[in-house]
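Accompanying notes for the structure given below.
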Amino acid sequence: MRAHSFLTRRLLASTLPAALLIGLGAPDAWADPLIGNKLNGRGLPGGIDTPSAEMLPDATLGATLSYSELARRNTLVFQALPRLSVSLSYGRFDSLEESRGYVWDRSFDLRYQFLDEDPDGWMPAMAIGLQDFMGTGFYSAEYIVATKTINPRLRVSAGLGWGRLAQSGGIGSPFGDRPGPDEEEGGKPNVDQWFKGEMAPFINATWQATDKLALTAEYSGDDYACETGDADTCQRSVWLSDHDALKNNINLGVSYNFGQNYQVSGYLLGAQTVGLQFSVAMGPNQAPFPSGIEKAPAPVRPRPSPSADPEGWSGAWSADPTAQPAIQAALQKALDKEGQTLESMSLSANRAEVRIRNRRYMQGAEALGRTARLMTRALPPSVETMVITFSEDGLPTTSVTLRRSDVERLENTEASQIASVAVLTDAVPRPGDLTYSEGMFPRFRWALKPYLSTSIFDPDEPFKYEVGGELAMEYEPTPGLVLAGSIRQRLFGTTEQEGPNGMSPEEYEDLDTDIGPGGVPRVRSDGRMYSANKSPTIPRLTLSWYAKATPTVYTRFTGGLLERAFGGVSAETLWWPTNSNLALGAEISRVKKRDFRDVFGFRDYEVTTGFVSAYYAWDNGISAQLDVGQYLAGDKGATLTVERQFANGWRVGAWASKTDISAEDFGEGSFDKGVSISIPLAWGTGEPSMRRVGGDIRSLSRDGGNKLRVQGRLYDKVRDSQSGQLYQGWGKFWR
């Protein structure tokens, strides 16, 4: 019986998040979820410390910074789906037992609204939540909460909480005693604690005094026992502080909204402690320039009547050997002004194909529409079939076939109408009638720009940075063959060269080994040894060959200094029909660890790493990726990545890797996990651009579950010009 219970708990721990995401991926038949506009101390809608059943608008990305004598907390929150909120917090609180006098703790929250409010009846909105449900669980709590709108300016929430929300006012333990805190490596779901121990009620009410000013009052079962030295309640003596205990369980707050996205709040905890909080929340559709400020495209040029241009309509012009070069040169010049590179072209009496490289528009459909318009202006009247093929570093991906008459007829209609007559197919790898544009190859590009490298979640210094200059270069002698690299020079920053576990760089290099505790090779935990070099560094210098073996199979071979920590060779293949939601890939690499200072030197550690991968994209912008294979440390396992992409290019995702390295050998965190954010630069500037800002956020740098960081992987290179992405952004075809 105990074995069955253990298996059930572990199965729930591993499948609950995925089940929520997959289940919520289906179309929502309910009413819109109840929306809140005030964030609590956990970064989610609610009171001050207590939750509500409210959600944020779908796809909202927000952050909070809160400070009081008892704690400092920074939180990132994302409305992953209309009814699923997630947040990642990083909190600091004082500790009598720590030599530095404080502790930094990471926590992860989930909230799911399973019932919506009936605005005309008595039914409230209801939600269930898990708070700090992994690892040490310092802020660990679970709750069920209901929220009801009393009148347009007053909302009340009430619920039952466990863990931190039931440190006082308990009314019993209906589901058994709550186990003690995680004393091992942390980072795993604490399933054994969920909804266990004392259960206590909480309530909060928010009155919207004006359109900008709100007042909040709440009763909370959180006594801040660990922060005020109550060892009997806290159960964590190593983290106890000596602040004065709260006088009661009533918290009061006031918040003020300014601008569209910002909120500042002040609160009083237990008639004892004053705190401040700043919040920002923005949605992907709340860009400063929602529709963009790019120049208007050239209009479609209708063809003259056959009587006005009989030679053009007859196709006799195609017999002239100078016709295509002249037309191609004119179209090349026009496309260049639109941020498109005309790589090659084929032309006959009634059909034209152009292969373009999109340099400007985040949505491929916008590049497609502008190219089609220009083709109507450059091509002779007899050309009825227009084929536009996207090319990524010489890789032809998707061909879009349009009838010219449809483009002329539907210019002033909804984009959905042109989408219904467009035909998307896999591009033919090597058609013999294509002619490369004059001066296309060889191609050389370079850029001199600043760089900013950051490090967050360090227990001693949560934010470190490095600023410098970078010279990036790319040379393409022939289609698909790319020599690329960069040189960096540090200027200033707080990042320092450090060995793992507090060792100095000299001490670590004297060890003359890359094997860490438990026999796990150090592939990322000594990453700071590559930082703060005063002399120039070469983060990457590679020669890559991209090819398309069949209409649906792509290949890549890359050799050189693949990333800052490893050099070697990497080969990859990807099967992905353009009209398929499923893609399959495989990659294998043989790499050796690079020297910390000598940009062309290597250390002794080398390994073969590789994966087989499956990718699946749903029509609602949610995609999943599963990688199974061997990682850089020689460990074997799998990585699951779930990501949501929006029509304007925003991407937010999360991943988790589990390998055959034990939690003890992996170290704090037990297994690798993190979140990723990628925001198009065009979203904030309004100017069309392919550039993005963002990156990965992981709380710890450990060695298990780490993959090689090779740029130009096939899935990332091909994805934006596949049919799914094109259709998602088809609304911009006529932009």
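Following the order of the structure tokens, chains are lettered A, B, ..., residues in each are numbered from 1, and ligands are numbered from 1.
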
Do a neighbour search on segment 692-702 of chain A at 8 Å with only C-alpha atoms, toss out local chain neighbours closer than 5 positions, and write the hits as JSON, numbers by chain.
{"A": [106, 456, 457, 458, 524, 525, 666, 667, 668, 669, 672, 673, 674, 675, 676, 677, 678, 679, 680, 681]}

Please, which residues of segment 142-276 of chain A, numbered as in this document, come out alpha helix (DSSP H) from DSSP, as a VMD selection string?
chain A and resid 231 to 234

Produce a file of the selected residues containing all heavy atoms, as a PDB file, in the first residue's frame.
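Result went into result36.pdb, see below:
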ATOM      1  N   ALA A 231      10.278  29.507  16.389  1.00  0.00           N
ATOM      2  CA  ALA A 231      10.842  28.215  15.989  1.00  0.00           C
ATOM      3  C   ALA A 231       9.797  27.103  15.991  1.00  0.00           C
ATOM      4  O   ALA A 231       9.852  26.187  15.175  1.00  0.00           O
ATOM      5  CB  ALA A 231      12.000  27.840  16.912  1.00  0.00           C
ATOM      6  N   ASP A 232       8.834  27.161  16.895  1.00  0.00           N
ATOM      7  CA  ASP A 232       7.844  26.088  16.970  1.00  0.00           C
ATOM      8  C   ASP A 232       6.995  26.019  15.705  1.00  0.00           C
ATOM      9  O   ASP A 232       6.632  24.940  15.235  1.00  0.00           O
ATOM     10  CB  ASP A 232       6.938  26.305  18.188  1.00  0.00           C
ATOM     11  CG  ASP A 232       7.696  26.131  19.498  1.00  0.00           C
ATOM     12  OD1 ASP A 232       8.731  25.438  19.477  1.00  0.00           O
ATOM     13  OD2 ASP A 232       7.263  26.711  20.505  1.00  0.00           O
ATOM     14  N   THR A 233       6.693  27.176  15.136  1.00  0.00           N
ATOM     15  CA  THR A 233       5.867  27.210  13.932  1.00  0.00           C
ATOM     16  C   THR A 233       6.698  27.088  12.668  1.00  0.00           C
ATOM     17  O   THR A 233       6.296  26.451  11.697  1.00  0.00           O
ATOM     18  CB  THR A 233       5.048  28.518  13.890  1.00  0.00           C
ATOM     19  OG1 THR A 233       4.269  28.611  15.077  1.00  0.00           O
ATOM     20  CG2 THR A 233       4.139  28.548  12.677  1.00  0.00           C
ATOM     21  N   CYS A 234       7.895  27.695  12.682  1.00  0.00           N
ATOM     22  CA  CYS A 234       8.711  27.754  11.468  1.00  0.00           C
ATOM     23  C   CYS A 234       9.276  26.404  11.067  1.00  0.00           C
ATOM     24  O   CYS A 234       9.306  26.062   9.891  1.00  0.00           O
ATOM     25  CB  CYS A 234       9.856  28.749  11.660  1.00  0.00           C
ATOM     26  SG  CYS A 234      10.974  28.845  10.252  1.00  0.00           S
TER      27      CYS A 234
END

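Take the candidates A:Asp320, A:Asp526, A:Glu563, A:Asp32 and check each one against Glu498 of chain A using only C-alpha atoms; the shortest distance goes to A:Asp526.
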
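Interatomic distance, atom CA of Gly137 of chain A to atom CA of Gly180 of chain A: 9.8 Å.
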
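When only C-alpha atoms are used to compute distances to Leu541 of chain A, the closest of the residues A:Gly432, A:Pro45, A:Gly585, A:Gly485 turns out to be A:Gly485.
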
Could you go through segment 573-712 of chain A and tell me which residues DSSP, when run on the backbone, assigns to strand (DSSP E), listing them as an MDAnalysis selection string?
chainID A and resid 573:575 582:594 602:617 622:630 636:645 651:659 672:680 692:697

For Asn581 of chain A, which residue out of A:Glu687, A:Gly724, A:Val553, A:Asn74 is the nearest one, using only C-alpha atoms?
A:Gly724

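In this model, the gap between atom CA of Arg355 of chain A and atom CA of Pro381 of chain A comes to 20.5 Å.
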
I want to know what sits within 8 Å of Ala298 of chain A, based on only C-alpha atoms, with residues of the same chain fewer than 4 positions away left out; could you give that as a PyMOL selection string?
chain A and resi 370+373-374

Could you list, as a list in words, every residue within 12 Å of Thr322 of chain A, counting only C-alpha atoms and ignoring same-chain residues fewer than 6 positions away?
Gln328, Ala329 and Leu347 of chain A

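Across A:Gly259, A:Gly560, A:Gly439, A:Pro284, the tightest approach to Val710 of chain A is made by A:Gly560 when counting only C-alpha atoms.
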